[in-house]
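**Student:** Handing over query.txt, compact mmCIF, C-alpha atoms and all ligand atoms.
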# COMPACT_ATOMS: atom_id res chain seq x y z
CA MET D 1 -2.84 -3.21 -15.49
CA ARG D 2 -5.69 -1.60 -13.52
CA PRO D 3 -4.21 0.85 -10.99
CA LEU D 4 -4.89 0.48 -7.26
CA VAL D 5 -5.57 3.42 -4.97
CA ALA D 6 -5.43 2.31 -1.34
CA GLY D 7 -6.18 4.31 1.78
CA ASN D 8 -4.34 3.62 5.04
CA TRP D 9 -6.31 5.01 7.97
CA LYS D 10 -3.52 4.06 10.42
CA MET D 11 -4.68 4.31 14.07
CA ASN D 12 -7.58 6.59 13.19
CA GLY D 13 -11.27 5.87 13.02
CA LEU D 14 -14.19 5.08 15.32
CA GLY D 15 -17.56 3.66 14.35
CA ALA D 16 -18.87 7.12 13.52
CA ASP D 17 -16.18 7.51 10.86
CA LEU D 18 -17.79 4.76 8.78
CA ALA D 19 -19.96 7.62 7.51
CA GLU D 20 -16.95 8.51 5.33
CA LEU D 21 -17.19 5.08 3.72
CA ALA D 22 -20.89 5.57 3.08
CA ALA D 23 -20.04 8.87 1.36
CA LEU D 24 -17.30 7.21 -0.69
CA LYS D 25 -19.64 4.43 -1.74
CA ALA D 26 -22.27 6.94 -2.83
CA ALA D 27 -19.69 8.90 -4.85
CA LEU D 28 -18.33 5.80 -6.59
CA SER D 29 -21.74 4.38 -7.39
CA GLY D 30 -22.66 7.66 -9.11
CA ARG D 31 -19.45 7.62 -11.15
CA PRO D 32 -17.30 4.46 -11.19
CA ALA D 33 -13.58 4.72 -10.45
CA GLY D 34 -10.97 4.09 -13.14
CA CYS D 35 -8.97 2.00 -10.66
CA ASP D 36 -9.34 -0.58 -7.93
CA VAL D 37 -10.13 1.14 -4.62
CA LEU D 38 -9.14 -0.22 -1.21
CA VAL D 39 -9.60 1.22 2.28
CA CYS D 40 -7.55 -0.14 5.19
CA PRO D 41 -9.23 0.98 8.42
CA PRO D 42 -8.03 -0.11 11.87
CA ALA D 43 -8.71 -3.79 12.57
CA THR D 44 -11.60 -2.90 14.88
CA LEU D 45 -13.57 -1.56 11.92
CA ILE D 46 -12.79 -4.13 9.22
CA ALA D 47 -15.95 -6.22 9.59
CA LYS D 48 -18.25 -3.21 9.77
CA ALA D 49 -16.39 -1.47 6.93
CA ALA D 50 -16.69 -4.54 4.70
CA GLY D 51 -20.44 -4.60 5.33
CA GLN D 52 -20.66 -0.88 4.64
CA ALA D 53 -18.64 -1.08 1.40
CA GLY D 54 -20.89 -3.85 0.08
CA GLY D 55 -18.43 -4.58 -2.73
CA ALA D 56 -18.30 -0.97 -4.01
CA PHE D 57 -14.64 -0.99 -2.95
CA ALA D 58 -12.41 -3.43 -1.11
CA ILE D 59 -11.40 -3.44 2.54
CA GLY D 60 -7.90 -4.24 3.74
CA ALA D 61 -5.86 -4.41 6.93
CA GLN D 62 -2.69 -2.66 8.06
CA ASP D 63 -0.68 -5.59 9.43
CA CYS D 64 -0.94 -9.30 10.20
CA HIS D 65 0.86 -11.92 12.26
CA PRO D 66 2.85 -14.53 10.29
CA ARG D 67 1.14 -17.48 12.02
CA ALA D 68 -2.46 -18.57 11.39
CA SER D 69 -3.33 -18.96 15.10
CA GLY D 70 -1.73 -19.56 18.48
CA ALA D 71 -0.55 -17.99 21.72
CA PHE D 72 0.21 -14.51 20.41
CA THR D 73 -1.80 -12.20 22.65
CA GLY D 74 -3.02 -9.10 20.90
CA ASP D 75 -2.00 -10.21 17.41
CA ILE D 76 -4.30 -10.84 14.45
CA SER D 77 -3.69 -13.45 11.76
CA ALA D 78 -4.19 -13.04 8.04
CA GLU D 79 -6.89 -15.73 8.21
CA MET D 80 -8.78 -13.66 10.82
CA LEU D 81 -8.55 -10.59 8.60
CA LYS D 82 -9.89 -12.54 5.65
CA ASP D 83 -12.69 -13.90 7.83
CA ALA D 84 -13.59 -10.35 8.89
CA GLY D 85 -13.95 -9.25 5.26
CA ALA D 86 -10.47 -8.04 4.25
CA SER D 87 -9.07 -8.87 0.83
CA ALA D 88 -5.65 -7.25 1.28
CA VAL D 89 -3.13 -6.39 3.97
CA ILE D 90 -0.35 -3.82 4.15
CA VAL D 91 2.91 -5.35 5.41
CA GLY D 92 6.19 -3.66 6.28
CA HIS D 93 4.88 -0.12 6.55
CA SER D 94 7.75 2.11 7.72
CA GLU D 95 5.83 2.87 10.94
CA ARG D 96 5.81 -0.87 11.71
CA ARG D 97 9.49 -1.11 10.85
CA GLN D 98 10.32 1.97 12.97
CA PHE D 99 8.05 1.57 16.02
CA HIS D 100 7.81 -2.23 16.18
CA GLY D 101 11.29 -3.14 14.97
CA GLU D 102 10.02 -5.19 12.05
CA THR D 103 12.79 -6.53 9.84
CA ASP D 104 12.70 -7.46 6.17
CA SER D 105 12.43 -11.13 7.11
CA ASP D 106 9.46 -10.38 9.40
CA VAL D 107 7.84 -8.60 6.47
CA ALA D 108 8.49 -11.56 4.14
CA ALA D 109 6.87 -13.91 6.68
CA LYS D 110 3.84 -11.62 6.86
CA ALA D 111 3.59 -11.45 3.05
CA ALA D 112 3.66 -15.26 2.93
CA ALA D 113 0.92 -15.33 5.59
CA ALA D 114 -1.18 -12.95 3.52
CA TRP D 115 -0.88 -15.26 0.49
CA ARG D 116 -1.67 -18.34 2.60
CA ALA D 117 -4.93 -16.66 3.63
CA GLY D 118 -5.75 -15.52 0.09
CA LEU D 119 -5.04 -11.83 0.69
CA LEU D 120 -3.22 -9.38 -1.57
CA ALA D 121 0.02 -8.37 0.20
CA ILE D 122 0.94 -4.69 -0.17
CA VAL D 123 4.63 -4.75 0.66
CA CYS D 124 6.09 -1.36 1.68
CA ILE D 125 9.65 -0.25 1.10
CA GLY D 126 11.33 3.16 1.15
CA GLU D 127 14.46 5.05 2.05
CA THR D 128 15.04 7.61 4.82
CA SER D 129 16.10 11.15 3.97
CA ALA D 130 19.66 10.42 5.15
CA GLN D 131 19.83 7.46 2.79
CA ARG D 132 18.54 9.56 -0.11
CA ASP D 133 21.03 12.33 0.69
CA ALA D 134 23.81 9.74 0.81
CA GLY D 135 22.85 8.53 -2.68
CA THR D 136 21.92 5.03 -1.47
CA ALA D 137 18.14 5.12 -2.06
CA ASN D 138 18.24 2.65 -4.97
CA HIS D 139 20.45 0.23 -3.11
CA ILE D 140 18.33 0.44 0.08
CA CYS D 141 15.03 -0.03 -1.72
CA GLY D 142 16.43 -2.85 -3.87
CA SER D 143 17.68 -4.77 -0.87
CA GLN D 144 14.46 -4.17 1.13
CA LEU D 145 12.50 -5.44 -1.84
CA ASP D 146 14.66 -8.51 -2.20
CA ALA D 147 14.51 -9.48 1.47
CA SER D 148 10.87 -8.52 2.11
CA LEU D 149 9.41 -10.62 -0.72
CA PRO D 150 9.16 -14.41 -0.58
CA ASP D 151 9.82 -16.38 -3.76
CA ASP D 152 6.26 -16.71 -5.07
CA ALA D 153 5.36 -13.07 -5.69
CA MET D 154 2.94 -12.68 -8.58
CA ALA D 155 0.82 -9.91 -10.02
CA GLY D 156 -2.30 -11.42 -8.45
CA ASN D 157 -1.00 -11.68 -4.90
CA THR D 158 1.38 -8.74 -4.47
CA ALA D 159 1.60 -4.99 -4.83
CA ILE D 160 4.67 -2.96 -3.86
CA ALA D 161 4.30 0.41 -2.14
CA TYR D 162 7.30 2.69 -2.60
CA GLU D 163 7.02 5.10 0.32
CA PRO D 164 10.03 7.32 1.00
CA VAL D 165 10.03 7.57 4.82
CA TRP D 166 10.72 11.30 4.65
CA ALA D 167 7.62 11.90 2.51
CA ILE D 168 5.12 10.17 4.84
CA GLY D 169 2.91 12.68 6.60
CA THR D 170 5.31 15.57 5.89
CA GLY D 171 3.72 17.24 2.88
CA ARG D 172 6.99 16.67 0.99
CA THR D 173 7.19 14.48 -2.10
CA PRO D 174 10.10 13.46 -4.34
CA SER D 175 10.32 15.15 -7.75
CA ASP D 176 8.41 13.48 -10.58
CA GLY D 177 11.75 12.38 -12.01
CA ASP D 178 12.83 10.78 -8.73
CA ILE D 179 9.51 8.92 -8.38
CA ALA D 180 9.68 7.65 -11.98
CA ALA D 181 13.35 6.64 -11.59
CA MET D 182 12.68 4.69 -8.38
CA HIS D 183 9.64 2.95 -9.85
CA ALA D 184 11.70 1.96 -12.91
CA HIS D 185 14.40 0.61 -10.58
CA ILE D 186 11.84 -1.40 -8.58
CA ARG D 187 10.34 -2.79 -11.81
CA ALA D 188 13.80 -3.85 -13.02
CA CYS D 189 14.51 -5.58 -9.67
CA LEU D 190 11.15 -7.40 -9.81
CA VAL D 191 11.61 -8.57 -13.41
CA ARG D 192 15.18 -9.72 -12.72
CA ARG D 193 13.94 -11.93 -9.90
CA PHE D 194 10.46 -13.03 -10.97
CA GLY D 195 10.62 -12.79 -14.77
CA GLU D 196 7.95 -11.41 -17.10
CA GLU D 197 5.17 -12.14 -14.58
CA ALA D 198 6.54 -9.26 -12.55
CA ARG D 199 5.56 -6.74 -15.20
CA GLY D 200 2.00 -7.01 -13.87
CA ILE D 201 2.87 -6.32 -10.22
CA ARG D 202 1.52 -2.90 -9.33
CA ILE D 203 4.01 -0.46 -7.83
CA LEU D 204 2.17 2.14 -5.76
CA TYR D 205 3.65 5.45 -4.72
CA GLY D 206 2.99 6.58 -1.13
CA GLY D 207 3.94 9.69 0.81
CA SER D 208 1.92 12.91 1.03
CA VAL D 209 -0.38 12.11 -1.89
CA LYS D 210 -3.23 14.62 -1.85
CA PRO D 211 -5.89 15.90 -4.23
CA SER D 212 -3.57 18.59 -5.60
CA ASN D 213 -0.71 16.26 -6.63
CA ALA D 214 -2.52 12.94 -7.23
CA ALA D 215 -3.17 13.15 -10.97
CA GLN D 216 0.40 14.18 -11.72
CA ILE D 217 1.91 11.37 -9.61
CA LEU D 218 -0.57 8.71 -10.73
CA ASN D 219 0.19 9.33 -14.38
CA LEU D 220 3.98 8.95 -14.08
CA PRO D 221 5.53 5.92 -15.83
CA GLU D 222 5.46 2.71 -13.77
CA VAL D 223 3.23 4.26 -11.09
CA GLY D 224 0.46 1.69 -10.72
CA GLY D 225 -1.49 3.50 -8.06
CA ALA D 226 -1.06 5.13 -4.66
CA LEU D 227 -1.02 4.32 -0.97
CA VAL D 228 -2.61 7.27 0.78
CA GLY D 229 -2.49 8.02 4.51
CA GLY D 230 -3.92 11.25 5.90
CA ALA D 231 -5.82 12.23 2.76
CA SER D 232 -7.76 8.94 2.78
CA LEU D 233 -9.63 9.79 5.99
CA LYS D 234 -12.13 12.11 4.33
CA ALA D 235 -14.23 10.70 1.51
CA ALA D 236 -14.10 13.92 -0.51
CA ASP D 237 -10.29 14.06 -0.49
CA PHE D 238 -9.91 10.36 -1.16
CA GLU D 239 -12.39 10.50 -4.02
CA ALA D 240 -10.52 13.45 -5.53
CA ILE D 241 -7.33 11.35 -5.43
CA ILE D 242 -9.11 8.39 -7.03
CA ARG D 243 -10.30 10.69 -9.83
CA GLY D 244 -6.65 11.41 -10.58
CA VAL D 245 -6.52 8.01 -12.32
CA LYS D 246 -7.42 8.44 -15.98
CA VAL D 247 -10.40 6.28 -16.91
CA GLN D 248 -9.38 4.00 -19.82
CA ASP D 249 -11.79 3.85 -22.77
C1 LIG D 301 1.22 6.17 4.59
O1 LIG D 301 1.25 6.18 5.80
O2 LIG D 301 1.22 5.09 3.99
C2 LIG D 301 1.20 7.45 3.89
C3 LIG D 301 1.48 7.45 2.61
O3 LIG D 301 0.87 8.56 4.63
P1 LIG D 301 0.58 10.05 4.06
O4 LIG D 301 -0.21 9.92 2.80
O5 LIG D 301 -0.18 10.71 5.17
O6 LIG D 301 1.91 10.67 3.81
Show me this structure written as structure tokens.
Ligand code: PEP
**Tutor:**
Amino acid sequence: MRPLVAGNWKMNGLGADLAELAALKAALSGRPAGCDVLVCPPATLIAKAAGQAGGAFAIGAQDCHPRASGAFTGDISAEMLKDAGASAVIVGHSERRQFHGETDSDVAAKAAAAWRAGLLAIVCIGETSAQRDAGTANHICGSQLDASLPDDAMAGNTAIAYEPVWAIGTGRTPSDGDIAAMHAHIRACLVRRFGEEARGIRILYGGSVKPSNAAQILNLPEVGGALVGGASLKAADFEAIIRGVKVQD
């Protein structure tokens, strides 16, 4: 399984910031990455970013509407994202769940829309700090996973991002043991539902990944990559995270 390191720019980035992508492209063409690399800029930059990347890395989106088209002012469909040059879309990020009231069934509909359009769906799940303190993190993540994934999840169309809500943008991360235990739990849930095929679904860790902790996290068992927020905005930091993936001989 080739790991995936994905950057989520969130609501950051103007045209001038595409210079970071030019720098990333230059760095990766000098020394290829040992993983798949994806950058998810705001929707306004997807088409330009895809042109800039020129195939050196992939471009993704941060959300999509479940329907292909229609009277949904301000929304963007998965087909439109694909048309603009995206090959993946993040769905169910905790900021969407928190600030836009997205439910697990909304997330499942968006994942199905991503597949319909031929995009990789990166489905986010994760517990709050209160849920972790209450000892319910496994149960919460297991039920989010179950209800946020439609029935046809496969290694080629889906990645899971385990992002503890309390670790996003806070500088705090779970212990290595807690990350490995949650990833093992997610893998067991996936295999129980989807069978052996699910062993190839990448499970990314997200939440305060930075150059100083990337290699350690990325080399934990069942960690198939990372979803990176703040530290993906600068090419040098993002490249340093990408280099945390061991290149396979
Ligand atoms: C994210 O928003 O997906 C994320 C992981 O953010 P950060 O890396 O900034 O914690």
**Student:** May I have the residues within 7 Å of ligand LIG 301 (chain D), computed using only C-alpha atoms and all ligand atoms, as a CSV table (one decimal) with C-alpha atoms, in the frame of the given file?
**Tutor:**
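Just written: selection.csv:
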chain,number,residue,atom,x,y,z
D,8,ASN,CA,-4.3,3.6,5.0
D,10,LYS,CA,-3.5,4.1,10.4
D,93,HIS,CA,4.9,-0.1,6.6
D,163,GLU,CA,7.0,5.1,0.3
D,167,ALA,CA,7.6,11.9,2.5
D,168,ILE,CA,5.1,10.2,4.8
D,169,GLY,CA,2.9,12.7,6.6
D,170,THR,CA,5.3,15.6,5.9
D,171,GLY,CA,3.7,17.2,2.9
D,206,GLY,CA,3.0,6.6,-1.1
D,207,GLY,CA,3.9,9.7,0.8
D,208,SER,CA,1.9,12.9,1.0
D,209,VAL,CA,-0.4,12.1,-1.9
D,227,LEU,CA,-1.0,4.3,-1.0
D,228,VAL,CA,-2.6,7.3,0.8
D,229,GLY,CA,-2.5,8.0,4.5
D,230,GLY,CA,-3.9,11.2,5.9
D,231,ALA,CA,-5.8,12.2,2.8
**Student:** Could you tell me which of D:Pro211, D:Ala16, D:Ala71, D:Val223 comes closest to Phe238 (chain D) if we count all atoms listed in the file?
**Tutor:** D:Pro211
**Student:** Rounded to one decimal in Å, what is the spacing between CA of Ala114 (chain D) and CA of Met154 (chain D)?
**Tutor:** 12.8 Å
**Student:** Pick from D:Ala53, D:Gly92, D:Leu220, D:Thr44: nearest to Leu28 (chain D), with all atoms listed in the file counted?
**Tutor:** D:Ala53
**Student:** Looking at all atoms listed in the file, which of D:Cys64, D:Ala214, D:Ala236, D:Ala147 is the one that sits closest to Leu120 (chain D)?
**Tutor:** D:Cys64
**Student:** Using all atoms listed in the file, which of D:Ala49, D:Ile242, D:Ala33, D:Val165 sits nearest Ser212 (chain D)?
**Tutor:** D:Ile242
**Student:** Separation of CA of Asp152 (chain D) and CA of Phe194 (chain D), in Å?
**Tutor:** 8.1 Å
**Student:** Interatomic distance between CA of Ile241 (chain D) and CA of Ile186 (chain D)?
**Tutor:** 23.2 Å
**Student:** Here is a test: counting all atoms listed in the file, which residue of D:Asn138, D:Ser77, D:Ser143, D:Gln62 is nearest to Ile90 (chain D)?
**Tutor:**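 Distance minimum relative to Ile90 (chain D) lands on D:Gln62.
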**Student:** Taking only C-alpha atoms into account, which of D:Glu20, D:Asp133, D:Glu222, D:Asp151 comes nearest Gly200 (chain D)?
**Tutor:**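 Answer, going by the shortest atom-to-atom distance: D:Glu222.
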**Student:** Ala56 (chain D): which residues within 12 Å, counting all atoms listed in the file, same-chain residues fewer than 3 positions away excluded, as a count of residues only?
**Tutor:** 24
**Student:** Show me, as a PyMOL selection string, the residues that have an atom within 10 Å of Asn219 (chain D) when counting all atoms listed in the file, minus same-chain residues fewer than 5 positions from it.
**Tutor:** chain D and resi 176+180+214+224-225+244-246
**Student:** Restricting the output to C-alpha atoms, write the selected residues as a CSV table (one decimal), keeping the file's coordinate frame.
**Tutor:**
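Once written, part.csv looks like this:
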chain,number,residue,atom,x,y,z
D,176,ASP,CA,8.4,13.5,-10.6
D,180,ALA,CA,9.7,7.6,-12.0
D,214,ALA,CA,-2.5,12.9,-7.2
D,224,GLY,CA,0.5,1.7,-10.7
D,225,GLY,CA,-1.5,3.5,-8.1
D,244,GLY,CA,-6.6,11.4,-10.6
D,245,VAL,CA,-6.5,8.0,-12.3
D,246,LYS,CA,-7.4,8.4,-16.0
**Student:** For region 83-126 of chain D of the block above, can you save N, CA and C atoms as an mmCIF file, in the first residue's frame?
**Tutor:**
data_model
loop_
_atom_site.group_PDB
_atom_site.id
_atom_site.type_symbol
_atom_site.label_atom_id
_atom_site.label_comp_id
_atom_site.auth_asym_id
_atom_site.auth_seq_id
_atom_site.Cartn_x
_atom_site.Cartn_y
_atom_site.Cartn_z
ATOM 1 N N ASP D 83 -14.128 18.117 -13.023
ATOM 2 C CA ASP D 83 -13.961 18.903 -14.246
ATOM 3 C C ASP D 83 -12.885 19.983 -14.070
ATOM 4 N N ALA D 84 -12.761 20.495 -12.843
ATOM 5 C CA ALA D 84 -11.766 21.544 -12.580
ATOM 6 C C ALA D 84 -10.359 20.981 -12.406
ATOM 7 N N GLY D 85 -10.248 19.647 -12.276
ATOM 8 C CA GLY D 85 -8.914 19.061 -12.159
ATOM 9 C C GLY D 85 -8.660 18.313 -10.867
ATOM 10 N N ALA D 86 -9.699 18.187 -10.006
ATOM 11 C CA ALA D 86 -9.515 17.443 -8.752
ATOM 12 C C ALA D 86 -9.598 15.942 -9.008
ATOM 13 N N SER D 87 -8.859 15.178 -8.192
ATOM 14 C CA SER D 87 -8.972 13.719 -8.270
ATOM 15 C C SER D 87 -9.433 13.130 -6.935
ATOM 16 N N ALA D 88 -9.652 13.982 -5.952
ATOM 17 C CA ALA D 88 -10.067 13.512 -4.629
ATOM 18 C C ALA D 88 -10.875 14.604 -3.952
ATOM 19 N N VAL D 89 -11.645 14.213 -2.938
ATOM 20 C CA VAL D 89 -12.358 15.219 -2.145
ATOM 21 C C VAL D 89 -12.432 14.734 -0.700
ATOM 22 N N ILE D 90 -12.182 15.659 0.216
ATOM 23 C CA ILE D 90 -12.351 15.389 1.643
ATOM 24 C C ILE D 90 -13.842 15.509 1.953
ATOM 25 N N VAL D 91 -14.392 14.541 2.666
ATOM 26 C CA VAL D 91 -15.795 14.662 3.101
ATOM 27 C C VAL D 91 -15.878 14.380 4.599
ATOM 28 N N GLY D 92 -16.767 15.121 5.261
ATOM 29 C CA GLY D 92 -17.004 14.887 6.687
ATOM 30 C C GLY D 92 -15.923 15.419 7.602
ATOM 31 N N HIS D 93 -15.148 16.406 7.127
ATOM 32 C CA HIS D 93 -14.172 17.014 8.040
ATOM 33 C C HIS D 93 -14.908 17.537 9.277
ATOM 34 N N SER D 94 -14.260 17.464 10.428
ATOM 35 C CA SER D 94 -14.964 17.854 11.675
ATOM 36 C C SER D 94 -15.413 19.312 11.638
ATOM 37 N N GLU D 95 -14.704 20.153 10.859
ATOM 38 C CA GLU D 95 -15.156 21.563 10.758
ATOM 39 C C GLU D 95 -16.464 21.655 9.963
ATOM 40 N N ARG D 96 -16.663 20.772 9.007
ATOM 41 C CA ARG D 96 -17.949 20.717 8.283
ATOM 42 C C ARG D 96 -19.038 20.167 9.216
ATOM 43 N N ARG D 97 -18.679 19.145 9.965
ATOM 44 C CA ARG D 97 -19.666 18.565 10.890
ATOM 45 C C ARG D 97 -20.060 19.596 11.948
ATOM 46 N N GLN D 98 -19.056 20.337 12.463
ATOM 47 C CA GLN D 98 -19.303 21.287 13.562
ATOM 48 C C GLN D 98 -19.979 22.573 13.087
ATOM 49 N N PHE D 99 -19.468 23.181 12.017
ATOM 50 C CA PHE D 99 -19.954 24.509 11.620
ATOM 51 C C PHE D 99 -21.071 24.466 10.589
ATOM 52 N N HIS D 100 -21.271 23.324 9.947
ATOM 53 C CA HIS D 100 -22.324 23.212 8.935
ATOM 54 C C HIS D 100 -23.327 22.116 9.283
ATOM 55 N N GLY D 101 -23.196 21.560 10.472
ATOM 56 C CA GLY D 101 -24.168 20.574 10.948
ATOM 57 C C GLY D 101 -24.238 19.311 10.115
ATOM 58 N N GLU D 102 -23.152 18.953 9.452
ATOM 59 C CA GLU D 102 -23.202 17.752 8.608
ATOM 60 C C GLU D 102 -23.280 16.487 9.466
ATOM 61 N N THR D 103 -24.193 15.613 9.074
ATOM 62 C CA THR D 103 -24.383 14.354 9.797
ATOM 63 C C THR D 103 -23.642 13.228 9.069
ATOM 64 N N ASP D 104 -23.579 12.083 9.726
ATOM 65 C CA ASP D 104 -22.950 10.922 9.082
ATOM 66 C C ASP D 104 -23.649 10.589 7.764
ATOM 67 N N SER D 105 -24.982 10.706 7.731
ATOM 68 C CA SER D 105 -25.647 10.336 6.471
ATOM 69 C C SER D 105 -25.375 11.372 5.385
ATOM 70 N N ASP D 106 -25.208 12.643 5.744
ATOM 71 C CA ASP D 106 -24.771 13.642 4.750
ATOM 72 C C ASP D 106 -23.402 13.234 4.186
ATOM 73 N N VAL D 107 -22.530 12.823 5.094
ATOM 74 C CA VAL D 107 -21.161 12.467 4.679
ATOM 75 C C VAL D 107 -21.192 11.255 3.739
ATOM 76 N N ALA D 108 -22.029 10.274 4.067
ATOM 77 C CA ALA D 108 -22.146 9.089 3.202
ATOM 78 C C ALA D 108 -22.638 9.490 1.812
ATOM 79 N N ALA D 109 -23.599 10.423 1.760
ATOM 80 C CA ALA D 109 -24.118 10.864 0.454
ATOM 81 C C ALA D 109 -23.022 11.581 -0.336
ATOM 82 N N LYS D 110 -22.181 12.334 0.364
ATOM 83 C CA LYS D 110 -21.086 13.033 -0.321
ATOM 84 C C LYS D 110 -20.021 12.036 -0.804
ATOM 85 N N ALA D 111 -19.752 11.003 0.002
ATOM 86 C CA ALA D 111 -18.783 9.983 -0.429
ATOM 87 C C ALA D 111 -19.305 9.288 -1.690
ATOM 88 N N ALA D 112 -20.603 8.978 -1.698
ATOM 89 C CA ALA D 112 -21.186 8.330 -2.890
ATOM 90 C C ALA D 112 -21.089 9.265 -4.094
ATOM 91 N N ALA D 113 -21.276 10.564 -3.870
ATOM 92 C CA ALA D 113 -21.156 11.535 -4.969
ATOM 93 C C ALA D 113 -19.723 11.569 -5.500
ATOM 94 N N ALA D 114 -18.782 11.511 -4.589
ATOM 95 C CA ALA D 114 -17.363 11.503 -5.002
ATOM 96 C C ALA D 114 -17.104 10.303 -5.915
ATOM 97 N N TRP D 115 -17.583 9.133 -5.505
ATOM 98 C CA TRP D 115 -17.367 7.910 -6.321
ATOM 99 C C TRP D 115 -18.050 8.045 -7.674
ATOM 100 N N ARG D 116 -19.276 8.577 -7.671
ATOM 101 C CA ARG D 116 -20.030 8.738 -8.927
ATOM 102 C C ARG D 116 -19.217 9.563 -9.925
ATOM 103 N N ALA D 117 -18.496 10.570 -9.395
ATOM 104 C CA ALA D 117 -17.718 11.461 -10.264
ATOM 105 C C ALA D 117 -16.315 10.916 -10.549
ATOM 106 N N GLY D 118 -15.976 9.793 -9.935
ATOM 107 C CA GLY D 118 -14.639 9.230 -10.162
ATOM 108 C C GLY D 118 -13.569 9.839 -9.282
ATOM 109 N N LEU D 119 -13.967 10.374 -8.130
ATOM 110 C CA LEU D 119 -13.000 10.957 -7.195
ATOM 111 C C LEU D 119 -12.730 10.007 -6.033
ATOM 112 N N LEU D 120 -11.529 10.058 -5.486
ATOM 113 C CA LEU D 120 -11.227 9.386 -4.224
ATOM 114 C C LEU D 120 -11.932 10.153 -3.110
ATOM 115 N N ALA D 121 -12.678 9.458 -2.267
ATOM 116 C CA ALA D 121 -13.319 10.109 -1.112
ATOM 117 C C ALA D 121 -12.426 9.912 0.118
ATOM 118 N N ILE D 122 -12.037 11.021 0.737
ATOM 119 C CA ILE D 122 -11.284 10.945 2.001
ATOM 120 C C ILE D 122 -12.292 11.235 3.109
ATOM 121 N N VAL D 123 -12.704 10.186 3.789
ATOM 122 C CA VAL D 123 -13.807 10.285 4.752
ATOM 123 C C VAL D 123 -13.229 10.491 6.154
ATOM 124 N N CYS D 124 -13.586 11.627 6.775
ATOM 125 C CA CYS D 124 -13.003 11.976 8.081
ATOM 126 C C CYS D 124 -13.905 11.544 9.231
ATOM 127 N N ILE D 125 -13.259 10.996 10.249
ATOM 128 C CA ILE D 125 -13.945 10.649 11.487
ATOM 129 C C ILE D 125 -13.036 11.062 12.643
ATOM 130 N N GLY D 126 -13.582 11.143 13.844
ATOM 131 C CA GLY D 126 -12.727 11.452 14.999
ATOM 132 C C GLY D 126 -13.550 11.853 16.194
#
